[in-house]
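Student: My structure file start.cif, mmCIF, N, CA and C atoms, is below:
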data_final
loop_
_atom_site.label_atom_id
_atom_site.label_comp_id
_atom_site.auth_asym_id
_atom_site.auth_seq_id
_atom_site.Cartn_x
_atom_site.Cartn_y
_atom_site.Cartn_z
N MET A 1 7.46 44.94 3.33
CA MET A 1 6.02 45.08 3.44
C MET A 1 5.64 45.00 4.90
N GLN A 2 4.81 45.90 5.34
CA GLN A 2 4.29 45.83 6.69
C GLN A 2 2.82 45.45 6.62
N LEU A 3 2.42 44.59 7.49
CA LEU A 3 1.03 44.17 7.53
C LEU A 3 0.27 45.05 8.49
N SER A 4 -0.87 45.52 8.08
CA SER A 4 -1.71 46.37 8.90
C SER A 4 -2.24 45.58 10.09
N SER A 5 -2.17 46.17 11.27
CA SER A 5 -2.65 45.47 12.46
C SER A 5 -4.16 45.25 12.42
N ALA A 6 -4.88 46.02 11.62
CA ALA A 6 -6.32 45.83 11.50
C ALA A 6 -6.66 44.52 10.80
N HIS A 7 -5.73 43.98 10.02
CA HIS A 7 -5.99 42.77 9.26
C HIS A 7 -5.28 41.55 9.85
N LEU A 8 -4.67 41.69 11.00
CA LEU A 8 -3.90 40.60 11.58
C LEU A 8 -4.63 39.98 12.76
N GLN A 9 -4.51 38.68 12.85
CA GLN A 9 -5.05 37.96 13.98
C GLN A 9 -3.86 37.33 14.69
N ALA A 10 -3.67 37.62 15.97
CA ALA A 10 -2.48 37.17 16.69
C ALA A 10 -2.75 35.93 17.51
N SER A 11 -1.69 35.13 17.65
CA SER A 11 -1.71 34.03 18.60
C SER A 11 -0.32 33.98 19.22
N SER A 12 -0.24 33.51 20.45
CA SER A 12 1.03 33.49 21.17
C SER A 12 1.24 32.10 21.75
N ARG A 13 2.49 31.63 21.68
CA ARG A 13 2.82 30.32 22.24
C ARG A 13 4.14 30.43 23.00
N SER A 14 4.19 29.78 24.15
CA SER A 14 5.45 29.71 24.89
C SER A 14 6.29 28.60 24.28
N SER A 15 7.56 28.54 24.66
CA SER A 15 8.46 27.54 24.08
C SER A 15 7.98 26.11 24.35
N GLY A 16 7.23 25.89 25.42
CA GLY A 16 6.73 24.56 25.72
C GLY A 16 5.58 24.12 24.83
N GLU A 17 4.91 25.09 24.16
CA GLU A 17 3.75 24.77 23.34
C GLU A 17 4.05 24.78 21.85
N ARG A 18 5.25 25.09 21.44
CA ARG A 18 5.54 25.23 20.02
C ARG A 18 6.58 24.21 19.59
N ASP A 19 6.73 24.09 18.31
CA ASP A 19 7.77 23.25 17.74
C ASP A 19 9.09 24.00 17.91
N ASP A 20 9.93 23.56 18.80
CA ASP A 20 11.17 24.28 19.11
C ASP A 20 12.13 24.39 17.93
N LEU A 21 11.93 23.60 16.91
CA LEU A 21 12.83 23.66 15.76
C LEU A 21 12.34 24.59 14.67
N SER A 22 11.10 25.05 14.72
CA SER A 22 10.56 25.86 13.63
C SER A 22 11.33 27.16 13.44
N TRP A 23 11.79 27.79 14.49
CA TRP A 23 12.52 29.04 14.35
C TRP A 23 13.95 28.82 13.85
N LEU A 24 14.41 27.58 13.86
CA LEU A 24 15.76 27.26 13.38
C LEU A 24 15.80 26.98 11.88
N GLN A 25 14.63 26.87 11.25
CA GLN A 25 14.61 26.60 9.82
C GLN A 25 15.34 27.71 9.08
N HIS A 26 16.21 27.36 8.18
CA HIS A 26 17.03 28.25 7.35
C HIS A 26 18.25 28.82 8.10
N LEU A 27 18.38 28.56 9.40
CA LEU A 27 19.54 29.04 10.14
C LEU A 27 20.70 28.07 9.95
N PRO A 28 21.80 28.55 9.35
CA PRO A 28 22.95 27.66 9.15
C PRO A 28 23.48 27.15 10.50
N ALA A 29 23.87 25.89 10.54
CA ALA A 29 24.35 25.25 11.77
C ALA A 29 25.51 26.02 12.40
N GLU A 30 26.38 26.58 11.58
CA GLU A 30 27.54 27.28 12.13
C GLU A 30 27.18 28.60 12.82
N TRP A 31 25.96 29.08 12.67
CA TRP A 31 25.52 30.31 13.33
C TRP A 31 24.67 30.04 14.58
N ARG A 32 24.27 28.82 14.81
CA ARG A 32 23.32 28.52 15.90
C ARG A 32 23.80 28.95 17.28
N ALA A 33 25.07 28.81 17.56
CA ALA A 33 25.60 29.19 18.87
C ALA A 33 25.65 30.70 19.06
N GLN A 34 25.48 31.46 17.97
CA GLN A 34 25.60 32.91 18.04
C GLN A 34 24.27 33.65 18.12
N VAL A 35 23.15 32.92 18.06
CA VAL A 35 21.85 33.58 18.09
C VAL A 35 21.20 33.49 19.47
N VAL A 36 20.31 34.44 19.73
CA VAL A 36 19.54 34.46 20.97
C VAL A 36 18.26 33.65 20.71
N SER A 37 17.98 32.69 21.58
CA SER A 37 16.80 31.82 21.42
C SER A 37 15.54 32.48 21.94
N PRO A 38 14.43 32.38 21.22
CA PRO A 38 13.17 32.94 21.71
C PRO A 38 12.55 32.06 22.79
N LEU A 39 11.96 32.70 23.80
CA LEU A 39 11.21 31.99 24.84
C LEU A 39 9.71 32.01 24.55
N GLU A 40 9.28 32.99 23.77
CA GLU A 40 7.88 33.11 23.38
C GLU A 40 7.83 33.51 21.91
N VAL A 41 6.87 32.95 21.20
CA VAL A 41 6.69 33.26 19.78
C VAL A 41 5.25 33.71 19.56
N ARG A 42 5.09 34.85 18.90
CA ARG A 42 3.76 35.36 18.56
C ARG A 42 3.60 35.31 17.05
N THR A 43 2.47 34.77 16.62
CA THR A 43 2.19 34.64 15.20
C THR A 43 1.02 35.53 14.83
N TYR A 44 1.16 36.26 13.74
CA TYR A 44 0.14 37.16 13.24
C TYR A 44 -0.27 36.71 11.85
N GLN A 45 -1.54 36.39 11.67
CA GLN A 45 -2.06 35.88 10.40
C GLN A 45 -2.95 36.93 9.77
N ASP A 46 -2.70 37.29 8.53
CA ASP A 46 -3.56 38.22 7.82
C ASP A 46 -4.74 37.45 7.26
N TYR A 47 -5.94 37.93 7.46
CA TYR A 47 -7.11 37.21 7.00
C TYR A 47 -7.57 37.65 5.61
N GLU A 48 -6.96 38.71 5.04
CA GLU A 48 -7.37 39.17 3.72
C GLU A 48 -6.43 38.73 2.60
N MET A 49 -5.23 38.34 2.95
CA MET A 49 -4.28 37.89 1.93
C MET A 49 -3.41 36.78 2.50
N ALA A 50 -2.67 36.11 1.64
CA ALA A 50 -1.80 35.01 2.08
C ALA A 50 -0.54 35.62 2.71
N ALA A 51 -0.62 35.90 4.02
CA ALA A 51 0.51 36.52 4.71
C ALA A 51 0.52 36.10 6.17
N VAL A 52 1.72 35.89 6.69
CA VAL A 52 1.90 35.56 8.10
C VAL A 52 3.19 36.22 8.58
N ARG A 53 3.19 36.67 9.83
CA ARG A 53 4.38 37.25 10.45
C ARG A 53 4.55 36.60 11.82
N VAL A 54 5.79 36.29 12.17
CA VAL A 54 6.12 35.66 13.43
C VAL A 54 7.20 36.50 14.11
N VAL A 55 7.04 36.73 15.42
CA VAL A 55 8.06 37.43 16.18
C VAL A 55 8.34 36.62 17.44
N GLY A 56 9.63 36.33 17.68
CA GLY A 56 10.05 35.62 18.87
C GLY A 56 10.70 36.58 19.85
N TYR A 57 10.45 36.36 21.14
CA TYR A 57 10.95 37.26 22.18
C TYR A 57 11.82 36.50 23.17
N ASP A 58 12.87 37.17 23.66
CA ASP A 58 13.74 36.58 24.66
C ASP A 58 13.15 36.80 26.06
N GLY A 59 13.90 36.48 27.10
CA GLY A 59 13.43 36.62 28.47
C GLY A 59 13.17 38.04 28.92
N GLU A 60 13.70 39.02 28.19
CA GLU A 60 13.48 40.43 28.52
C GLU A 60 12.41 41.07 27.63
N GLU A 61 11.62 40.23 26.92
CA GLU A 61 10.57 40.69 26.01
C GLU A 61 11.14 41.49 24.84
N LYS A 62 12.38 41.22 24.49
CA LYS A 62 13.04 41.90 23.38
C LYS A 62 13.02 40.97 22.16
N PRO A 63 12.62 41.46 20.97
CA PRO A 63 12.59 40.58 19.79
C PRO A 63 13.96 39.98 19.50
N CYS A 64 13.96 38.68 19.24
CA CYS A 64 15.23 38.00 18.90
C CYS A 64 15.08 37.12 17.66
N TYR A 65 13.86 37.00 17.16
CA TYR A 65 13.60 36.22 15.94
C TYR A 65 12.40 36.84 15.25
N THR A 66 12.45 36.89 13.95
CA THR A 66 11.29 37.34 13.18
C THR A 66 11.25 36.58 11.86
N ALA A 67 10.05 36.41 11.37
CA ALA A 67 9.87 35.75 10.08
C ALA A 67 8.58 36.28 9.46
N HIS A 68 8.57 36.32 8.15
CA HIS A 68 7.31 36.62 7.47
C HIS A 68 7.27 35.90 6.14
N ARG A 69 6.07 35.73 5.67
CA ARG A 69 5.84 35.07 4.39
C ARG A 69 4.58 35.68 3.79
N PHE A 70 4.65 36.07 2.54
CA PHE A 70 3.46 36.56 1.87
C PHE A 70 3.53 36.28 0.39
N ALA A 71 2.36 36.26 -0.23
CA ALA A 71 2.25 36.01 -1.66
C ALA A 71 1.22 36.96 -2.24
N LEU A 72 1.58 37.58 -3.36
CA LEU A 72 0.65 38.42 -4.10
C LEU A 72 0.25 37.64 -5.35
N THR A 73 -1.03 37.50 -5.56
CA THR A 73 -1.53 36.73 -6.70
C THR A 73 -2.43 37.59 -7.57
N GLU A 74 -2.68 37.08 -8.74
CA GLU A 74 -3.53 37.78 -9.69
C GLU A 74 -4.31 36.75 -10.51
N LEU A 75 -5.56 37.06 -10.83
CA LEU A 75 -6.34 36.19 -11.69
C LEU A 75 -5.98 36.47 -13.14
N ARG A 76 -5.80 35.41 -13.91
CA ARG A 76 -5.48 35.54 -15.34
C ARG A 76 -6.35 34.58 -16.13
N SER A 77 -6.44 34.87 -17.42
CA SER A 77 -7.21 34.01 -18.32
C SER A 77 -6.55 34.03 -19.69
N ASP A 78 -6.52 32.88 -20.31
CA ASP A 78 -5.99 32.79 -21.67
C ASP A 78 -7.10 32.99 -22.71
N ASP A 79 -8.35 32.72 -22.30
CA ASP A 79 -9.45 32.78 -23.25
C ASP A 79 -10.61 33.68 -22.80
N GLY A 80 -10.48 34.31 -21.65
CA GLY A 80 -11.54 35.19 -21.15
C GLY A 80 -12.69 34.45 -20.49
N GLU A 81 -12.63 33.12 -20.47
CA GLU A 81 -13.71 32.35 -19.87
C GLU A 81 -13.26 31.57 -18.64
N GLU A 82 -12.09 30.96 -18.72
CA GLU A 82 -11.55 30.22 -17.58
C GLU A 82 -10.41 31.01 -16.97
N PHE A 83 -10.50 31.20 -15.64
CA PHE A 83 -9.50 32.00 -14.94
C PHE A 83 -8.67 31.12 -14.02
N TYR A 84 -7.44 31.50 -13.81
CA TYR A 84 -6.54 30.79 -12.90
C TYR A 84 -5.72 31.82 -12.14
N THR A 85 -5.21 31.42 -11.01
CA THR A 85 -4.43 32.30 -10.15
C THR A 85 -2.95 32.15 -10.44
N VAL A 86 -2.26 33.30 -10.54
CA VAL A 86 -0.83 33.32 -10.82
C VAL A 86 -0.13 34.07 -9.68
N LEU A 87 0.97 33.52 -9.20
CA LEU A 87 1.79 34.21 -8.21
C LEU A 87 2.56 35.32 -8.93
N THR A 88 2.34 36.57 -8.53
CA THR A 88 3.05 37.68 -9.16
C THR A 88 4.28 38.09 -8.36
N TYR A 89 4.24 37.86 -7.03
CA TYR A 89 5.39 38.15 -6.19
C TYR A 89 5.23 37.37 -4.89
N GLY A 90 6.31 36.77 -4.42
CA GLY A 90 6.29 36.07 -3.15
C GLY A 90 7.58 36.32 -2.40
N GLU A 91 7.47 36.41 -1.09
CA GLU A 91 8.66 36.64 -0.28
C GLU A 91 8.55 35.86 1.01
N GLU A 92 9.68 35.28 1.43
CA GLU A 92 9.78 34.62 2.72
C GLU A 92 11.06 35.13 3.38
N LEU A 93 10.99 35.42 4.67
CA LEU A 93 12.14 35.97 5.39
C LEU A 93 12.20 35.34 6.77
N SER A 94 13.40 35.05 7.23
CA SER A 94 13.66 34.66 8.61
C SER A 94 14.87 35.46 9.06
N ALA A 95 14.85 35.95 10.30
CA ALA A 95 15.97 36.73 10.82
C ALA A 95 16.16 36.41 12.30
N TRP A 96 17.42 36.34 12.69
CA TRP A 96 17.79 35.99 14.06
C TRP A 96 18.70 37.06 14.63
N ARG A 97 18.41 37.49 15.88
CA ARG A 97 19.30 38.46 16.53
C ARG A 97 20.52 37.72 17.06
N LEU A 98 21.67 38.21 16.70
CA LEU A 98 22.92 37.62 17.16
C LEU A 98 23.28 38.19 18.53
N ARG A 99 24.14 37.53 19.22
CA ARG A 99 24.56 37.98 20.56
C ARG A 99 25.23 39.35 20.53
N ASP A 100 25.79 39.74 19.38
CA ASP A 100 26.42 41.07 19.25
C ASP A 100 25.42 42.14 18.79
N GLU A 101 24.11 41.81 18.81
CA GLU A 101 22.99 42.69 18.49
C GLU A 101 22.75 42.90 16.99
N ARG A 102 23.57 42.34 16.12
CA ARG A 102 23.28 42.39 14.68
C ARG A 102 22.23 41.33 14.38
N TRP A 103 21.67 41.39 13.18
CA TRP A 103 20.66 40.42 12.73
C TRP A 103 21.18 39.67 11.51
N LEU A 104 21.08 38.35 11.56
CA LEU A 104 21.36 37.51 10.41
C LEU A 104 20.02 37.32 9.70
N VAL A 105 19.97 37.66 8.41
CA VAL A 105 18.72 37.67 7.66
C VAL A 105 18.81 36.70 6.49
N TRP A 106 17.83 35.81 6.38
CA TRP A 106 17.67 34.93 5.23
C TRP A 106 16.42 35.37 4.49
N ARG A 107 16.56 35.54 3.16
CA ARG A 107 15.42 36.01 2.38
C ARG A 107 15.31 35.21 1.08
N GLU A 108 14.07 34.88 0.73
CA GLU A 108 13.79 34.21 -0.55
C GLU A 108 12.71 35.02 -1.27
N ILE A 109 13.01 35.37 -2.53
CA ILE A 109 12.09 36.18 -3.32
C ILE A 109 11.74 35.43 -4.60
N ARG A 110 10.46 35.42 -4.92
CA ARG A 110 9.98 34.83 -6.18
C ARG A 110 9.25 35.92 -6.94
N GLY A 111 9.57 36.03 -8.22
CA GLY A 111 8.92 37.05 -9.05
C GLY A 111 8.13 36.43 -10.17
N GLU A 112 7.34 37.26 -10.83
CA GLU A 112 6.41 36.81 -11.86
C GLU A 112 7.11 36.16 -13.05
N GLU A 113 8.26 36.66 -13.44
CA GLU A 113 8.91 36.14 -14.64
C GLU A 113 9.17 34.64 -14.55
N ASP A 114 9.69 34.19 -13.43
CA ASP A 114 9.99 32.77 -13.28
C ASP A 114 9.82 32.37 -11.83
N CYS A 115 8.58 32.16 -11.42
CA CYS A 115 8.28 31.85 -10.02
C CYS A 115 8.86 30.51 -9.59
N ALA A 116 9.19 29.66 -10.54
CA ALA A 116 9.78 28.37 -10.18
C ALA A 116 11.18 28.57 -9.61
N LYS A 117 11.86 29.62 -10.03
CA LYS A 117 13.20 29.91 -9.53
C LYS A 117 13.10 31.00 -8.47
N ALA A 118 13.81 30.80 -7.40
CA ALA A 118 13.80 31.78 -6.32
C ALA A 118 15.19 32.38 -6.16
N SER A 119 15.21 33.64 -5.76
CA SER A 119 16.46 34.30 -5.40
C SER A 119 16.57 34.20 -3.88
N THR A 120 17.56 33.47 -3.40
CA THR A 120 17.73 33.24 -1.97
C THR A 120 19.10 33.75 -1.53
N PHE A 121 19.13 34.47 -0.40
CA PHE A 121 20.41 34.99 0.07
C PHE A 121 20.37 35.28 1.57
N TYR A 122 21.56 35.38 2.15
CA TYR A 122 21.75 35.78 3.56
C TYR A 122 22.42 37.15 3.58
N SER A 123 22.13 37.92 4.63
CA SER A 123 22.78 39.20 4.82
C SER A 123 22.82 39.49 6.32
N LEU A 124 23.61 40.48 6.69
CA LEU A 124 23.68 40.95 8.08
C LEU A 124 23.09 42.36 8.11
N SER A 125 22.37 42.66 9.19
CA SER A 125 21.74 43.96 9.33
C SER A 125 21.94 44.47 10.75
N GLN A 126 22.00 45.77 10.89
CA GLN A 126 22.09 46.39 12.22
C GLN A 126 20.72 46.43 12.91
N ASP A 127 19.66 46.36 12.11
CA ASP A 127 18.29 46.48 12.64
C ASP A 127 17.46 45.25 12.30
N MET A 128 16.44 45.01 13.12
CA MET A 128 15.52 43.92 12.85
C MET A 128 14.72 44.24 11.58
N PRO A 129 14.64 43.30 10.65
CA PRO A 129 13.84 43.55 9.44
C PRO A 129 12.37 43.75 9.79
N ARG A 130 11.73 44.62 9.07
CA ARG A 130 10.30 44.93 9.29
C ARG A 130 9.48 44.42 8.15
#
Just give me the structure of the file as structure tokens.

Tutor:
Amino acid sequence: MQLSSAHLQASSRSSGERDDLSWLQHLPAEWRAQVVSPLEVRTYQDYEMAAVRVVGYDGEEKPCYTAHRFALTELRSDDGEEFYTVLTYGEELSAWRLRDERWLVWREIRGEEDCAKASTFYSLSQDMPR
């Protein structure tokens, strides 16, 4: 999913202003020495839906970390009078550029059938996830 730039509000933080461990969440310890660390992190928040995208940049302004999280919800009712919100699809992703230019990608997907259970996996990619 790509978020439209018309609906995103950006903020930028240097490494001195951010939680230096936030980009390490979900990164296995055995891979830490192989990733490029971001010096600047830009966060984009969608104001129309529950979605956020983060991109980290190295010293050459080249992306080296990315993450996104979004949730699609729907109103439901059992009796037509009282409504409640149901998560129909949710996704969270974190990806780190490795020193060999590949990307290590962690992804968690939740679907409508059983949102309590998530499908979580790691993969390697030649390109930065979008």

Student: For Gln34 in chain A, find every residue with an atom within 9 Å (counting only C-alpha atoms), except residues of its own chain fewer than 3 positions away, and show them as number ranges by chain.

Tutor: A: 30-31, 97-100

Student: Apply the PyMOL selection byres (((chain A and resi 70 and name CA) around 7) and name CA) to the structure shown and report the selected residues as a list of chain:residue names.

Tutor: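 In the shown coordinates, the PyMOL selection byres (((chain A and resi 70 and name CA) around 7) and name CA) covers A:Ala50, A:Ala51, A:Val52, A:His68, A:Arg69, A:Ala71, A:Leu72, A:Gly90, A:Glu91, A:Glu92.
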
Student: Tell me which residues come within 6 Å of (16.6, 39.9, 8.1), as a list in words, counting only C-alpha atoms in the file's coordinates.

Tutor: Ala95, Leu104, Val105, Trp106 and Pro129 of chain A

Student: Now that the selection is made, can you save its residues with N, CA and C atoms as a CSV table (one decimal), in the frame of the given file?

Tutor:
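File written: result06.csv
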chain,number,residue,atom,x,y,z
A,95,ALA,N,14.8,36.0,10.3
A,95,ALA,CA,16.0,36.7,10.8
A,95,ALA,C,16.2,36.4,12.3
A,104,LEU,N,21.1,38.4,11.6
A,104,LEU,CA,21.4,37.5,10.4
A,104,LEU,C,20.0,37.3,9.7
A,105,VAL,N,20.0,37.7,8.4
A,105,VAL,CA,18.7,37.7,7.7
A,105,VAL,C,18.8,36.7,6.5
A,106,TRP,N,17.8,35.8,6.4
A,106,TRP,CA,17.7,34.9,5.2
A,106,TRP,C,16.4,35.4,4.5
A,129,PRO,N,14.6,43.3,10.6
A,129,PRO,CA,13.8,43.6,9.4
A,129,PRO,C,12.4,43.8,9.8

Student: Between A:Thr73, A:Thr66, A:Ser22, A:Ser123, which one has atoms that come closest to Ser94 in chain A, using only N, CA and C atoms?

Tutor: A:Thr66

Student: So how far away is atom C of Thr88 in chain A from CA of Ala118 in chain A, in Å?

Tutor: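 CA of Ala118 in chain A sits 11.6 Å away from atom C of Thr88 in chain A.
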
Student: Record the distance separating CA of Arg42 in chain A and CA of Val54 in chain A, expressed in Å with one decimal.

Tutor: 5.7 Å

Student: Distance atom C of Leu87 in chain A-atom C of Ser119 in chain A, one decimal place?

Tutor: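 One can read the atom C of Leu87 in chain A to atom C of Ser119 in chain A distance as 14.9 Å.
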
Student: According to DSSP computed on the backbone, where in chain A is there strand (DSSP E)? Give the residues as a VMD selection string.

Tutor: chain A and resid 8 to 14 40 to 46 50 to 57 63 to 77 83 to 97 103 to 111 119 to 125

Student: What's the 6.5 Å shell around Tyr57 in chain A, counting only N, CA and C atoms, without same-chain residues fewer than 5 positions away, as a tab-separated table (two decimals) with N, CA and C atoms, keeping the file's coordinate frame?

Tutor:
chain	number	residue	atom	x	y	z
A	37	SER	N	17.98	32.69	21.58
A	37	SER	CA	16.80	31.82	21.42
A	37	SER	C	15.54	32.48	21.94
A	38	PRO	N	14.43	32.38	21.22
A	38	PRO	CA	13.17	32.94	21.71
A	38	PRO	C	12.55	32.06	22.79
A	39	LEU	N	11.96	32.70	23.80
A	39	LEU	CA	11.21	31.99	24.84
A	39	LEU	C	9.71	32.01	24.55
A	40	GLU	N	9.28	32.99	23.77
A	40	GLU	CA	7.88	33.11	23.38
A	40	GLU	C	7.83	33.51	21.91
A	41	VAL	N	6.87	32.95	21.20
A	41	VAL	CA	6.69	33.26	19.78
A	41	VAL	C	5.25	33.71	19.56
A	42	ARG	N	5.09	34.85	18.90
A	42	ARG	CA	3.76	35.36	18.56
A	42	ARG	C	3.60	35.31	17.05
A	62	LYS	N	12.38	41.22	24.49
A	62	LYS	CA	13.04	41.90	23.38
A	62	LYS	C	13.02	40.97	22.16
A	63	PRO	N	12.62	41.46	20.97
A	63	PRO	CA	12.59	40.58	19.79
A	63	PRO	C	13.96	39.98	19.50
A	64	CYS	N	13.96	38.68	19.24
A	64	CYS	CA	15.23	38.00	18.90
A	64	CYS	C	15.08	37.12	17.66
A	65	TYR	N	13.86	37.00	17.16
A	65	TYR	CA	13.60	36.22	15.94
A	65	TYR	C	12.40	36.84	15.25

Student: Could you state which residues are captured by the PyMOL selection byres ((chain A and resi 126) around 7) in this file, as a short mmCIF file (atom, residue, chain, number, x, y, z; two decimals) with N, CA and C atoms, keeping the file's coordinate frame?

Tutor:
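Contents of part_14.cif, freshly written:
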data_model
loop_
_atom_site.label_atom_id
_atom_site.label_comp_id
_atom_site.auth_asym_id
_atom_site.auth_seq_id
_atom_site.Cartn_x
_atom_site.Cartn_y
_atom_site.Cartn_z
N GLU A 101 24.11 41.81 18.81
CA GLU A 101 22.99 42.69 18.49
C GLU A 101 22.75 42.90 16.99
N ARG A 102 23.57 42.34 16.12
CA ARG A 102 23.28 42.39 14.68
C ARG A 102 22.23 41.33 14.38
N TRP A 103 21.67 41.39 13.18
CA TRP A 103 20.66 40.42 12.73
C TRP A 103 21.18 39.67 11.51
N LEU A 124 23.61 40.48 6.69
CA LEU A 124 23.68 40.95 8.08
C LEU A 124 23.09 42.36 8.11
N SER A 125 22.37 42.66 9.19
CA SER A 125 21.74 43.96 9.33
C SER A 125 21.94 44.47 10.75
N ASP A 127 19.66 46.36 12.11
CA ASP A 127 18.29 46.48 12.64
C ASP A 127 17.46 45.25 12.30
N MET A 128 16.44 45.01 13.12
CA MET A 128 15.52 43.92 12.85
C MET A 128 14.72 44.24 11.58
#

Student: Which residue gives the smallest distance to Phe121 in chain A among A:Glu108, A:Phe83, A:Tyr44, A:Leu24, with all atoms listed in the file counted?

Tutor: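 That would be A:Glu108, the residue with the smallest distance to Phe121 in chain A.
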
Student: From the list A:Gly59, A:Lys117, A:Val35, A:Asp79, which residue is nearest Trp23 in chain A when using only C-alpha atoms?

Tutor: A:Val35
